[in-house]
Amino acid sequence: MLPESFLNLISERNLTEPEDKWLLAVSGGMDSIVLVDLVARMQQPFAIAHCNFQLRGEASDADEMFVRDLAKKHRVDFFVQHFNTKYYADQGGVSTQMAARRLRYAWFERVRRQERMDKIVTAHHLSDSLETALINFIRGSGVRGLRGIRAASGNIIRPLLTATRDDIELYAKEHSLSWREDVSNQQDVYTRNYIRHHIVPEMKKLNPALEHSFDITSRRLRDADLLIMEKAERLMRDHATRKGSDWYIARKALLPGNLAVAEEVFRPFGLNVYQVRDLLSHLQEKGNTQLYLSASHKVNVDRKFIIVSEKRDNPPDELTIDGSESAVAHSLGIFHFQTSRNTGFLHRSPEAVSLDADKLHYPLKIRQWREGDAFQPLGMKGKKKVSDFMIDAKIPLNLKERVCVLESDGKIAWLIGYRPDERFKVKPDTRRVTHISLENDQSV
C-alpha cells in the first residue's frame with residue numbers, strides 16, 4: 001500500500017523529524033498531488049511551492065491557478081515564481097530541462113531559508129529513479145549514477161521513492177484526486193520520455209516487476225558506493241598531504257588501478273572518468289609525468305606524487321619594494337625584510353634568504369618568472385636559465401606558474417623558495433645583511 005511504503009521510507013531513512021516543516025514542490029501533476037494528499041493525511045506541517053516556467057503559455061498559467069487553489073483548500077502558505085526558462089537555457093548553453101532543474105532547486109532553497117522551513121520535498125518516485133539510472137547508464141555513468149535518485153540529498157527528501165508510477169496512479173484514482181496533465185510528457189523529444197514510453201515497456205516484457213527489481217539493485221549499488229567512498233576517504237587520509245592549498249597524493253596509493261575509487265578521489269577536483277582512466281594508465285609507467293586540467297583544478301602526475309592545485313585566474317602579483325617596508329603582502333604570502341650588520345647568521349631554508357645588503361639596489365621587484373630569465377644559482381660559476389633550473393629541480397608543472405623572482409637592478413637576486421643568486425651571497429667581508437623571509441609560502 002502506498003501510504004504504508006511512504007511512511008516506512010520516511011522512518012527507515014530518518015528523512016525528517018516530527019516537528020520539521022516541509023516545503024512541497026508541487027507542479028500540479030499526478031505525482032505531486034498525491035504527495036500533497038499523503039503529507040496532509042500524516043499531519044506534517046507544510047507549505048506549497050510552485051514554479052511557472054512559462055513554457056506552455058496558458059497551460060502554465062492554468063497549472064499555477066490549480067496549485068494555488070490546492071494550497072487554499074489545505075489552508076497552507078503558497079509560494080510561486082515565474083521563470084524565463086528559455087532565456088536562461090540559451091544564456092547558459094544548456095537544455096530547457098536542465099535550465100528548469102537549476103532554476104527550481106535554487107529557488108526552492110531560497111524559499112526554504114527565508115521561510116525557515118526544514119525540508120524541500122519532491123514527488124520523485126521509483127519509476128523516475130529507474131529512468132534516471134537508465135539515462136546515466138547510456139551516458140556512461142559510474143556507480144553513483146546507476147543507483148538512481150537518492151531518497152535524501154542535503155535538505156531535499158523524496159519520500160515516494162519506493163512507489164511506482166502505477167502505485168501512485170492507483171492511489172490517486174482510489175482517493176478521487178484530480179490533477180493537471182502536462183502534454184509535453186507525451187513527447188518523445190526528451191530522452192527521459194523516450195525511455196519511459198519505449199525502453200521501459202520493452203524491459204517490463206522481460207521482467208514485469210522491473211521497478212522493484214531495480215529498487216533492490218539500487219540498494220546494493222548504494223551500499224557499494226558507500227564502500228567506494230570509504231576506501232577513497234581512507235586513501236586520502238593515509239596517503240595524501242595538504243600543503244597550503246595543494247594536495248600531494250602518493251602515486252603508489254593509486255597503483256592498484258581501481259577506477260571507481262580513483263574517480264571518487266578526484267571527483268572533488270573536477271576530473272571526469274576519462275581523465276581518471278588515463279591518469280591510472282600513466283601511473284603504470286614509472287617516472288612518467290602528465291598534467292590534467294579540470295574547470296577548477298590542475299592535477300599533475302609527478303614522479304612520486306600526484307599534485308592537485310587550484311586553478312588561478314591571475315598570475316602572481318608584481319610588487320615594487322622601495323626599502324622602507326618591513327613586511328609586504330603578496331599572493332605568495334607575506335615577505336618580511338630586516339637589514340642588520342653581518343653577525344654571521346644566515347637563513348638557509350627555502351622560505352628565507354640572506355643577501356648582501358650593499359649589493360641590493362632599490363627599488364626591488366617581486367615578479368613572476370619569465371621565459372628567458374637567467375641567474376647564477378648559489379654555488380655555480382656560470383649562469384643558468386630559470387626554466388632549466390626548474391627542470392633540474394623537478395618542480396612540478398602545475399607549480400611552475402607560481403615561481404617568482406626577487407629582482408635588483410634587472411638582476412635576479414633570489415629565485416624565491418628555491419635558490420639565491422651567487423652574485424648576492426653574503427661573504428666574510430660583507431658589512432650588512434638583508435634577511436628576507438616568506439611567511440605562509442603558497443609557492444609550493
# chains A, B, ... in the order shown; residues from 1 in each chain; ligands from 1
call {"tool": "select_by_dssp", "arguments": {"residues": "range 192-283 of chain A", "states": "helix (DSSP H, G or I)", "output": "number ranges by chain"}}
result
A: 192-206, 210-239, 251-254, 259-269, 273-283
call {"tool": "select_by_dssp", "arguments": {"residues": "range 262-353 of chain A", "states": "strand (DSSP E)", "output": "compact mmCIF listing (two decimals) with C-alpha atoms, in the first residue's frame"}}
result
# COMPACT_ATOMS: atom_id res chain seq x y z
CA GLN A 290 51.34 14.22 -17.07
CA LEU A 291 49.14 17.26 -16.44
CA TYR A 292 45.33 17.10 -16.36
CA LEU A 293 43.06 20.13 -16.28
CA HIS A 297 41.97 22.35 -10.73
CA LYS A 298 45.27 21.23 -12.21
CA VAL A 299 46.27 17.65 -11.49
CA ASN A 300 49.92 16.87 -12.12
CA VAL A 301 51.16 13.27 -12.14
CA PHE A 305 53.18 12.34 -6.08
CA ILE A 306 50.02 13.39 -7.82
CA ILE A 307 49.88 17.11 -7.05
CA VAL A 308 46.48 18.78 -7.14
CA SER A 309 46.33 22.57 -7.18
CA GLU A 310 43.56 25.07 -7.70
CA LEU A 319 55.34 44.28 -6.34
CA THR A 320 57.91 47.06 -6.00
CA ILE A 321 59.86 47.30 -2.73
CA ALA A 327 56.65 43.49 5.58
CA VAL A 328 54.67 43.36 2.34
CA ALA A 329 51.71 41.18 1.37
CA HIS A 330 51.92 39.19 -1.86
CA GLY A 333 52.45 35.07 1.26
CA ILE A 334 53.92 37.83 3.44
CA PHE A 335 57.51 38.91 2.83
CA HIS A 336 59.45 40.18 5.86
CA PHE A 337 62.56 42.36 5.40
CA GLN A 338 65.22 43.07 8.00
CA THR A 339 68.65 44.64 7.43
CA SER A 340 71.38 44.45 10.06
CA ARG A 341 75.15 44.22 10.37
CA ALA A 352 64.10 32.61 3.67
CA VAL A 353 67.29 34.10 2.31
call {"tool": "atom_distance", "arguments": {"atom1": "CA of Arg68 in chain A", "atom2": "CA of Phe46 in chain A"}}
result
14.2 Å
call {"tool": "atom_distance", "arguments": {"atom1": "CA of Asp302 in chain A", "atom2": "CA of Ile395 in chain A"}}
result
9.0 Å
call {"tool": "atom_distance", "arguments": {"atom1": "CA of Ser153 in chain A", "atom2": "CA of Arg13 in chain A"}}
result
11.6 Å
call {"tool": "residues_around", "arguments": {"residues": "range 212-218 of chain A", "least_positions_apart": "6", "cutoff": "8 Å", "atoms": "only C-alpha atoms", "output": "ChimeraX atom specification"}}
result
/A:126,130,146-148,162
call {"tool": "residues_around", "arguments": {"residues": "range 282-289 of chain A", "least_positions_apart": "6", "cutoff": "9 Å", "atoms": "only C-alpha atoms", "output": "PyMOL selection string"}}
result
chain A and resi 251-252+254-255+257+300-304+396-397
call {"tool": "write_last_selection", "arguments": {"atoms": "C-alpha atoms", "output": "short mmCIF file (atom, residue, chain, number, x, y, z; two decimals), in the first residue's frame"}}
result
data_model
loop_
_atom_site.label_atom_id
_atom_site.label_comp_id
_atom_site.auth_asym_id
_atom_site.auth_seq_id
_atom_site.Cartn_x
_atom_site.Cartn_y
_atom_site.Cartn_z
CA ARG A 251 51.44 7.71 -6.66
CA LYS A 252 51.83 4.26 -5.13
CA LEU A 254 46.66 4.54 -6.71
CA LEU A 255 48.83 1.96 -8.47
CA GLY A 257 44.30 1.00 -10.58
CA ASN A 300 49.92 16.87 -12.12
CA VAL A 301 51.16 13.27 -12.14
CA ASP A 302 54.70 13.84 -10.93
CA ARG A 303 57.47 11.38 -10.11
CA LYS A 304 56.39 10.44 -6.59
CA PRO A 396 56.05 20.05 -10.98
CA LEU A 397 54.33 21.56 -14.00
#
call {"tool": "residues_around", "arguments": {"residues": "range 100-108 of chain A", "least_positions_apart": "2", "cutoff": "12 Å", "atoms": "only C-alpha atoms", "output": "PyMOL selection string"}}
result
chain A and resi 22-27+47-55+79-90+92+94-98+110-122+153-156
call {"tool": "residues_around", "arguments": {"residues": "Ala151 in chain A", "least_positions_apart": "5", "cutoff": "12 Å", "atoms": "only C-alpha atoms", "output": "ChimeraX atom specification"}}
result
/A:6,9-16,120-126,128-129,156-163,215,218-219,222
call {"tool": "residues_around", "arguments": {"residues": "Arg196 in chain A", "least_positions_apart": "3", "cutoff": "10 Å", "atoms": "only C-alpha atoms", "output": "list in words"}}
result
Ser127, Asp128, Leu130, Glu131, Leu134, Asn185, Gln186, Asp188, Tyr190, Thr191, Arg192, Asn193, Ile199, Val200, Pro201 and Glu202 of chain A
call {"tool": "write_last_selection", "arguments": {"atoms": "C-alpha atoms", "output": "PDB file, in the first residue's frame"}}
result
ATOM      1  CA  SER A 127       9.852   4.829 -11.884  1.00  0.00           C
ATOM      2  CA  ASP A 128      11.619   8.212 -12.074  1.00  0.00           C
ATOM      3  CA  LEU A 130      14.764   3.780 -12.851  1.00  0.00           C
ATOM      4  CA  GLU A 131      14.574   6.208 -15.784  1.00  0.00           C
ATOM      5  CA  LEU A 134      18.966   4.236 -17.489  1.00  0.00           C
ATOM      6  CA  ASN A 185       5.300  14.416 -21.061  1.00  0.00           C
ATOM      7  CA  GLN A 186       3.904  12.573 -24.073  1.00  0.00           C
ATOM      8  CA  ASP A 188       9.500  11.722 -27.264  1.00  0.00           C
ATOM      9  CA  TYR A 190      13.113  14.390 -24.432  1.00  0.00           C
ATOM     10  CA  THR A 191      15.411  11.444 -23.636  1.00  0.00           C
ATOM     11  CA  ARG A 192      13.520  10.644 -20.436  1.00  0.00           C
ATOM     12  CA  ASN A 193      10.192  10.464 -22.251  1.00  0.00           C
ATOM     13  CA  ILE A 199      12.626   1.351 -23.449  1.00  0.00           C
ATOM     14  CA  VAL A 200      10.996   0.611 -20.085  1.00  0.00           C
ATOM     15  CA  PRO A 201       7.895  -1.096 -21.590  1.00  0.00           C
ATOM     16  CA  GLU A 202      10.132  -3.461 -23.574  1.00  0.00           C
TER      17      GLU A 202
END
call {"tool": "closest_residue", "arguments": {"among": "A:Glu401, A:Glu181, A:Glu233, A:Asp278", "to": "Pro315 in chain A", "atoms": "only C-alpha atoms"}}
result
A:Glu401
call {"tool": "closest_residue", "arguments": {"among": "A:Ile195, A:Leu206, A:Val261, A:Ala152", "to": "Phe137 in chain A", "atoms": "only C-alpha atoms"}}
result
A:Ile195
